[in-house]
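Printed here is work.cif (mmCIF, C-alpha atoms):
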data_query
loop_
_atom_site.label_atom_id
_atom_site.label_comp_id
_atom_site.auth_asym_id
_atom_site.auth_seq_id
_atom_site.Cartn_x
_atom_site.Cartn_y
_atom_site.Cartn_z
CA MET A 1 -65.27 25.46 20.18
CA SER A 2 -67.39 22.49 19.19
CA PHE A 3 -66.47 18.94 20.12
CA LEU A 4 -65.62 18.06 16.50
CA LYS A 5 -63.23 20.98 16.19
CA LYS A 6 -61.49 19.99 19.44
CA LEU A 7 -61.24 16.40 18.24
CA PHE A 8 -59.76 17.54 14.93
CA CYS A 9 -57.15 19.67 16.70
CA TRP A 10 -56.19 16.78 19.00
CA ILE A 11 -55.86 14.40 16.08
CA ALA A 12 -53.87 16.91 14.01
CA GLY A 13 -51.56 17.62 16.95
CA ALA A 14 -51.08 13.92 17.55
CA PHE A 15 -50.20 13.33 13.91
CA PHE A 16 -47.76 16.24 14.00
CA LEU A 17 -46.02 14.89 17.10
CA ILE A 18 -45.84 11.41 15.54
CA PHE A 19 -44.40 12.92 12.35
CA VAL A 20 -41.72 14.82 14.29
CA ALA A 21 -40.89 11.71 16.33
CA LEU A 22 -40.60 9.56 13.21
CA MET A 23 -38.38 12.13 11.52
CA GLY A 24 -36.12 12.27 14.56
CA LEU A 25 -36.02 8.47 14.71
CA SER A 26 -35.12 8.24 11.03
CA PHE A 27 -32.23 10.66 11.46
CA TRP A 28 -31.02 8.73 14.52
CA ILE A 29 -31.20 5.40 12.70
CA LYS A 30 -29.46 6.88 9.66
CA GLY A 31 -26.60 8.03 11.87
CA LYS A 32 -26.26 4.58 13.40
CA LEU A 33 -26.59 2.46 10.28
CA PRO A 34 -23.81 2.15 7.68
CA SER A 35 -24.14 4.39 4.66
CA THR A 36 -24.29 3.05 1.13
CA SER A 37 -20.98 4.74 0.38
CA LYS A 38 -18.05 2.39 0.85
CA VAL A 39 -14.43 2.61 1.90
CA ALA A 40 -12.28 -0.08 0.29
CA LEU A 41 -9.50 -1.71 2.33
CA LEU A 42 -6.46 -3.15 0.57
CA LYS A 43 -3.85 -5.08 2.56
CA VAL A 44 -0.29 -5.21 1.19
CA GLU A 45 1.64 -7.73 3.25
CA GLY A 46 5.06 -9.35 2.96
CA VAL A 47 7.75 -8.90 0.34
CA ILE A 48 6.47 -7.34 -2.89
CA THR A 49 7.50 -9.69 -5.71
CA THR A 50 4.71 -9.00 -8.20
CA SER A 51 2.00 -6.40 -8.67
CA ASP A 52 -0.50 -8.38 -10.76
CA ASP A 53 -2.85 -9.43 -7.96
CA ILE A 54 -2.85 -6.01 -6.28
CA LEU A 55 -3.50 -4.18 -9.57
CA GLN A 56 -6.43 -6.51 -10.23
CA ARG A 57 -7.95 -5.67 -6.85
CA LEU A 58 -7.40 -1.94 -7.37
CA LYS A 59 -9.46 -2.10 -10.58
CA LYS A 60 -12.52 -2.64 -8.39
CA VAL A 61 -11.87 0.69 -6.67
CA GLU A 62 -11.71 2.40 -10.04
CA GLU A 63 -14.82 0.73 -11.49
CA ASP A 64 -17.14 0.55 -8.46
CA LYS A 65 -18.88 3.91 -8.08
CA SER A 66 -20.11 3.03 -4.58
CA ILE A 67 -16.48 2.94 -3.38
CA LYS A 68 -15.68 6.52 -2.43
CA ALA A 69 -12.25 6.10 -0.81
CA LEU A 70 -9.40 3.64 -0.36
CA VAL A 71 -7.39 2.66 2.71
CA VAL A 72 -4.14 0.79 2.07
CA ARG A 73 -2.84 -1.20 5.02
CA VAL A 74 0.90 -1.64 4.42
CA ASN A 75 2.86 -4.25 6.33
CA SER A 76 5.81 -4.84 4.02
CA PRO A 77 9.60 -4.38 4.00
CA GLY A 78 9.40 -3.62 0.27
CA GLY A 79 10.50 -5.74 -2.67
CA ALA A 80 11.00 -5.61 -6.41
CA VAL A 81 11.35 -2.12 -7.89
CA GLY A 82 9.15 -2.71 -10.93
CA ALA A 83 6.26 -4.15 -8.92
CA SER A 84 6.50 -1.36 -6.32
CA GLN A 85 6.42 1.29 -9.04
CA GLU A 86 3.39 -0.28 -10.73
CA ILE A 87 1.43 -0.26 -7.46
CA TYR A 88 2.57 3.32 -6.80
CA GLU A 89 1.34 4.48 -10.22
CA GLU A 90 -2.05 2.80 -9.81
CA LEU A 91 -2.62 4.35 -6.39
CA LYS A 92 -1.63 7.72 -7.80
CA LYS A 93 -4.16 7.24 -10.61
CA ILE A 94 -6.94 6.43 -8.12
CA ARG A 95 -6.24 9.67 -6.28
CA THR A 96 -5.68 12.01 -9.24
CA VAL A 97 -7.70 10.55 -12.12
CA TYR A 98 -10.59 8.88 -10.30
CA LYS A 99 -10.61 11.56 -7.58
CA LYS A 100 -10.95 9.07 -4.73
CA PRO A 101 -9.05 9.78 -1.50
CA VAL A 102 -6.28 7.34 -0.61
CA VAL A 103 -5.18 6.92 3.01
CA VAL A 104 -2.31 4.66 4.12
CA SER A 105 -2.14 2.87 7.45
CA MET A 106 1.32 1.49 8.21
CA GLY A 107 1.53 -1.67 10.31
CA ASN A 108 4.65 -3.12 11.92
CA VAL A 109 6.83 -2.23 8.96
CA ALA A 110 6.35 -0.15 5.81
CA ALA A 111 9.90 0.36 4.63
CA SER A 112 11.67 0.84 1.31
CA GLY A 113 9.17 -0.37 -1.35
CA GLY A 114 6.54 -0.45 1.40
CA TYR A 115 7.15 3.26 1.94
CA TYR A 116 7.36 3.90 -1.81
CA ILE A 117 3.84 2.58 -2.46
CA SER A 118 2.56 4.71 0.45
CA LEU A 119 3.68 7.99 -1.12
CA PRO A 120 0.61 8.75 -3.33
CA ALA A 121 -1.70 8.81 -0.29
CA ASN A 122 -3.55 11.94 0.79
CA VAL A 123 -2.67 11.06 4.38
CA ILE A 124 -0.14 8.56 5.76
CA TYR A 125 -0.72 7.10 9.24
CA ALA A 126 1.78 5.06 11.26
CA GLU A 127 2.21 3.95 14.83
CA GLY A 128 5.03 5.45 16.86
CA GLY A 129 6.93 2.16 16.70
CA THR A 130 6.33 1.40 13.03
CA ILE A 131 9.55 0.77 11.09
CA THR A 132 9.62 2.83 7.90
CA GLY A 133 12.02 4.77 5.67
CA SER A 134 14.85 2.64 4.23
CA ILE A 135 15.00 4.82 1.12
CA GLY A 136 17.56 2.98 -0.94
CA VAL A 137 18.25 0.27 -3.53
CA ILE A 138 19.87 -3.14 -3.21
CA ILE A 139 21.02 -5.79 -5.68
CA GLN A 140 21.95 -9.23 -4.38
CA LYS A 141 24.37 -11.75 -5.85
CA TRP A 142 25.18 -15.20 -4.53
CA ASP A 143 28.83 -16.22 -4.53
CA VAL A 144 29.09 -20.03 -4.51
CA GLU A 145 32.46 -20.32 -6.27
CA GLY A 146 34.19 -21.79 -3.20
CA LEU A 147 31.43 -24.34 -2.63
CA ALA A 148 31.35 -25.27 -6.33
CA ASN A 149 35.11 -25.85 -6.31
CA LYS A 150 34.83 -28.16 -3.30
CA LEU A 151 32.10 -30.14 -5.02
CA GLY A 152 33.94 -30.21 -8.33
CA VAL A 153 31.15 -28.27 -10.06
CA LYS A 154 32.04 -25.96 -12.94
CA LEU A 155 29.75 -23.69 -14.93
CA GLU A 156 30.46 -23.14 -18.60
CA VAL A 157 29.17 -19.81 -19.93
CA VAL A 158 28.73 -18.77 -23.56
CA LYS A 159 27.71 -15.11 -23.81
CA THR A 160 27.32 -12.38 -26.40
CA GLY A 161 28.74 -9.59 -24.25
CA LYS A 162 31.13 -9.27 -21.33
CA TYR A 163 28.39 -8.08 -18.95
CA LYS A 164 25.80 -10.70 -19.87
CA ASP A 165 26.56 -12.86 -16.82
CA ILE A 166 27.18 -9.96 -14.46
CA LEU A 167 25.39 -11.73 -11.59
CA ASN A 168 26.92 -15.15 -12.24
CA PRO A 169 27.14 -16.79 -8.78
CA PHE A 170 30.02 -19.05 -9.82
CA ARG A 171 32.57 -16.24 -10.03
CA PRO A 172 33.43 -13.05 -8.14
CA ILE A 173 32.06 -9.76 -9.41
CA ARG A 174 34.66 -7.62 -11.18
CA PRO A 175 35.30 -3.95 -10.20
CA GLU A 176 33.96 -2.58 -13.51
CA GLU A 177 30.80 -4.70 -13.09
CA LYS A 178 30.28 -3.36 -9.58
CA GLU A 179 30.62 0.18 -10.91
CA LEU A 180 28.04 -0.57 -13.60
CA LEU A 181 25.58 -1.93 -11.03
CA LEU A 182 26.12 1.07 -8.76
CA LYS A 183 25.21 3.38 -11.65
CA LEU A 184 22.04 1.37 -12.21
CA GLU A 185 21.19 1.59 -8.52
CA GLU A 186 21.84 5.33 -8.52
CA SER A 187 19.35 5.76 -11.37
CA VAL A 188 16.69 3.76 -9.55
CA LEU A 189 17.42 5.56 -6.25
CA ASN A 190 16.95 8.93 -7.95
CA GLN A 191 13.48 7.79 -9.04
CA PHE A 192 12.70 6.92 -5.42
CA LYS A 193 13.97 10.28 -4.17
CA GLN A 194 11.99 12.13 -6.83
CA ALA A 195 8.82 10.31 -5.77
CA VAL A 196 9.40 11.36 -2.13
CA VAL A 197 10.06 15.00 -3.05
CA GLU A 198 7.07 15.15 -5.39
CA ASN A 199 4.55 13.54 -3.04
CA ARG A 200 5.80 15.08 0.21
CA LYS A 201 6.13 18.58 -1.23
CA GLY A 202 5.61 21.13 1.51
CA LYS A 203 5.68 18.37 4.15
CA LEU A 204 9.22 17.00 4.03
CA LYS A 205 11.28 18.86 6.65
CA VAL A 206 14.78 17.79 5.57
CA ASP A 207 16.81 17.54 2.38
CA ILE A 208 16.00 14.16 0.82
CA ASN A 209 19.71 13.49 0.20
CA THR A 210 20.41 13.48 3.95
CA ILE A 211 18.06 10.54 4.59
CA ALA A 212 18.13 8.57 1.32
CA ASP A 213 20.93 6.25 2.43
CA GLY A 214 18.91 3.21 3.44
CA ARG A 215 18.49 4.15 7.11
CA ILE A 216 15.27 3.19 8.85
CA PHE A 217 13.07 5.33 11.10
CA SER A 218 10.43 4.78 13.73
CA GLY A 219 6.99 6.16 13.03
CA GLN A 220 7.67 8.95 15.53
CA GLN A 221 10.91 9.90 13.77
CA ALA A 222 9.20 9.73 10.37
CA LEU A 223 6.54 12.14 11.62
CA GLU A 224 9.19 14.59 12.79
CA LEU A 225 10.94 14.37 9.40
CA GLY A 226 7.73 14.83 7.44
CA LEU A 227 7.83 11.37 5.88
CA ILE A 228 4.36 10.62 7.26
CA ASP A 229 1.43 12.79 8.34
CA ARG A 230 -0.01 11.45 11.59
CA LEU A 231 0.29 8.80 14.26
CA GLY A 232 -2.73 6.50 14.41
CA ASN A 233 -4.10 3.05 13.78
CA LEU A 234 -6.10 1.40 11.00
CA GLN A 235 -9.44 2.67 12.32
CA ASP A 236 -8.10 6.23 12.35
CA ALA A 237 -7.15 5.79 8.70
CA ILE A 238 -10.62 4.46 7.83
CA ASN A 239 -12.28 7.39 9.59
CA GLU A 240 -10.01 9.84 7.78
CA ALA A 241 -10.76 8.26 4.40
CA ALA A 242 -14.50 8.52 5.05
CA LYS A 243 -14.11 12.15 6.10
CA LEU A 244 -12.10 13.04 2.98
CA ALA A 245 -14.73 11.34 0.81
CA GLY A 246 -17.56 13.25 2.50
CA ILE A 247 -19.23 10.09 3.79
CA LYS A 248 -21.86 10.80 6.44
CA GLY A 249 -22.46 8.25 9.14
CA LYS A 250 -20.60 4.99 9.56
CA PRO A 251 -19.02 3.86 6.27
CA VAL A 252 -19.24 0.33 4.91
CA VAL A 253 -15.71 -1.10 4.77
CA VAL A 254 -15.12 -3.65 2.05
CA GLU A 255 -11.83 -5.55 2.03
CA LEU A 256 -10.34 -6.19 -1.39
CA LYS A 257 -9.28 -9.78 -0.93
CA ARG A 258 -6.91 -11.82 -3.04
CA THR A 259 -8.59 -13.87 -5.77
CA GLN A 260 -8.19 -17.49 -4.77
CA PRO A 261 -7.43 -20.19 -7.33
CA PHE A 262 -10.23 -22.71 -7.89
CA LEU A 263 -8.20 -25.54 -6.36
CA LYS A 264 -7.60 -23.59 -3.16
CA LYS A 265 -11.31 -22.74 -2.92
CA LEU A 266 -12.13 -26.42 -3.42
CA LEU A 267 -9.67 -27.71 -0.82
CA GLY A 268 -9.83 -24.71 1.50
CA SER A 269 -6.09 -24.53 2.08
CA GLU A 270 -2.77 -23.55 0.56
CA LEU A 271 -0.80 -26.07 -1.46
CA PRO A 272 2.86 -25.35 -0.64
CA SER A 273 4.08 -28.00 -3.06
CA LEU A 274 2.65 -26.04 -5.96
CA LYS A 275 5.04 -23.16 -5.22
CA ILE A 276 7.67 -24.95 -7.31
CA PHE A 277 5.95 -23.28 -10.22
CA ASP A 278 6.79 -19.82 -8.84
CA VAL A 279 9.33 -18.51 -11.35
CA GLN A 280 10.15 -15.21 -9.61
CA SER A 281 13.81 -14.49 -10.28
CA PRO A 282 16.10 -13.96 -7.25
CA TYR A 283 18.19 -11.60 -9.40
CA MET A 284 16.23 -8.36 -9.25
CA VAL A 285 16.72 -4.75 -8.23
CA TYR A 286 14.99 -4.18 -4.91
CA TYR A 287 13.50 -1.42 -2.81
CA LEU A 288 13.91 -3.75 0.17
CA MET A 289 14.80 -3.37 3.84
CA TYR A 290 17.24 -5.85 5.37
#
Output the file's structure as structure tokens, nothing else.
Amino acid sequence: MSFLKKLFCWIAGAFFLIFVALMGLSFWIKGKLPSTSKVALLKVEGVITTSDDILQRLKKVEEDKSIKALVVRVNSPGGAVGASQEIYEELKKIRTVYKKPVVVSMGNVAASGGYYISLPANVIYAEGGTITGSIGVIIQKWDVEGLANKLGVKLEVVKTGKYKDILNPFRPIRPEEKELLLKLEESVLNQFKQAVVENRKGKLKVDINTIADGRIFSGQQALELGLIDRLGNLQDAINEAAKLAGIKGKPVVVELKRTQPFLKKLLGSELPSLKIFDVQSPYMVYYLMY
């Protein structure tokens, strides 16, 4: 073999080895670097009084095609029924209409409305000591009649119907009013129970009526009852969401943060005094743990 032929073979072999090495390096780097597919992270914390902000953040999951899955971190004892149901419906839509996996990671507590909003998830994670359950409904009414009498305060009421001031704090609730409120609560409770049965079909290991009395459970107990799917932390939930979405490599996690008012952005802090403008009514029907 001539010198030129040998040189050509050496050069060709060298190029081949370099090509193989570069290909291997590219696959290694690809496995280490985050993929372009994203997992969105939504944190639901504290008492649920309104759904507006959360629904606004969930719109990004629906509209952003690079977001392939959603992890909801729930650390809430529940709250208003209407707001909880709106969040529930939107999460259900993300899973069924937009075909994006939803995985819930429960924190310290995800009870009552906090459990309700977790139900549409493909997989629900909790820690063994997480407090969850509390499937029930509560209506609160202040009774300040005694205090008002001591202070000489009297409330005059003009109403169009005998039940219009049913939650009037300046008088005791009447037996027929209590019966009316219990019927309302029963209706709302049945909606909660139906949501559990529908979303935990084939997973729930007990009759829903035996546990829908407001009692709370640890994460371990909830797992045994079929109220949740697995024990694990937030990272486990993120990994599961990526797996369900078919994301290869390490996913990019984007947190869906609350939209801050301009004044807060400008000052960089909360303005507690401005909370006087919060008009949330204390007289609501709650999926709330006490």
Go through A:Ser51, A:Ser105, A:Thr130, A:Gln220 and flag the residue nearest A:Asn233, using all atoms listed in the file for the distances. A:Ser105
Excluding same-chain residues fewer than 5 positions from A:Asp143, what lies within 12 Å of it counting only C-alpha atoms, as a ChimeraX atom specification? /A:148-149,166-173
What's the 12 Å shell around A:Tyr163, counting all atoms listed in the file, without same-chain residues fewer than 6 positions away, as number ranges by chain? A: 157, 173-181
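Proximity of A:Glu186, A:Glu127, A:Glu63, A:Glu45 to A:Phe217, computed with all atoms listed in the file, is greatest for A:Glu127.
One finds atom CA of A:Ser118 at 7.7 Å from atom CA of A:Val74.
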How many Å lie between atom CA of A:Glu90 and atom CA of A:Thr36, rounded to one decimal? 24.8 Å
